[in-house]
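Working notes, structure below.
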Amino acid sequence: MAGIARITPPNQAAPSRALRSRLHRVGHREGETSPLKRPVRAALPVRTDPPVRTCVGCRRRVSVSEVLRFVTVGSELRPDPRRRLPGRGAHLHLDPACFALAERRRAFGRALRFTGVLDTAPLAEHIRAVIASHGTTGGGASPRPDQQGGRPT
Ligand SMILES: [Zn+2]
């Protein structure tokens, strides 16, 4: 009687548990071999064609490098030469003629979806300052060979 009882020892579960844990480890390793599932970080949208913007003054579509971005801050038109300010922006040639055109047509408010009276002085001042520093209005002091050609008149 006693001998029969010993045939089934209660510690039989021990080796099988070890085996199971080994299997588990193998399975785990298999799971690690799928790094492709890692989500690819959403990068910046890749644009192949050069970005083009419309000048709100002359309505010409030109490369972004040719126009100045500006946004509204409160009711103020704020130049954004580095294109970093948040919010809706519009673009304008660094040209008083384009500025005057845009102002006359109220294109600033329309482009920026702004209803009300805009303070255009900061933008006008910026254009004046840039033009003065470039010396395009007869100054000629700038050593930078900024080619103003290529812009059709
Ligand atoms: Zn323009």
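All residue names refer to the structure tokens as shown: chains lettered A, B, ... in order, residues numbered from 1 in each chain, ligands numbered from 1 in order.
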Using only C-alpha atoms and all ligand atoms, what are the residues with an atom within 7 Å of ligand 1, set out as JSON, numbers by chain? {"A": [55, 56, 57, 58, 59, 60, 92, 93, 95, 98]}
Quick one: residues within 9 Å of range 74-77 of chain A, only C-alpha atoms, excluding same-chain residues fewer than 5 positions away - as a list of chain:residue names?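 The neighbour list is A:Phe108, A:Phe114, A:Gly116, A:Val117, A:Leu118, A:Asp119, A:Thr120, A:Ala121, A:Pro122, A:Leu123, A:Ala124.
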Range 32-131 of chain A: residues DSSP assigns to helix (DSSP H, G or I), reported as a VMD selection string: chain A and resid 32 35 to 37 64 to 66 96 to 104 107 to 111 121 to 131
I'd like to know which residues of range 77-142 of chain A are strand (DSSP E) (by DSSP, run on the backbone); could you write them as a list in words?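 The residues of range 77-142 of chain A classed as strand (DSSP E) are Leu77, Arg78, Pro79, Gly89, Ala90, His91, Leu92 and His93 of chain A.
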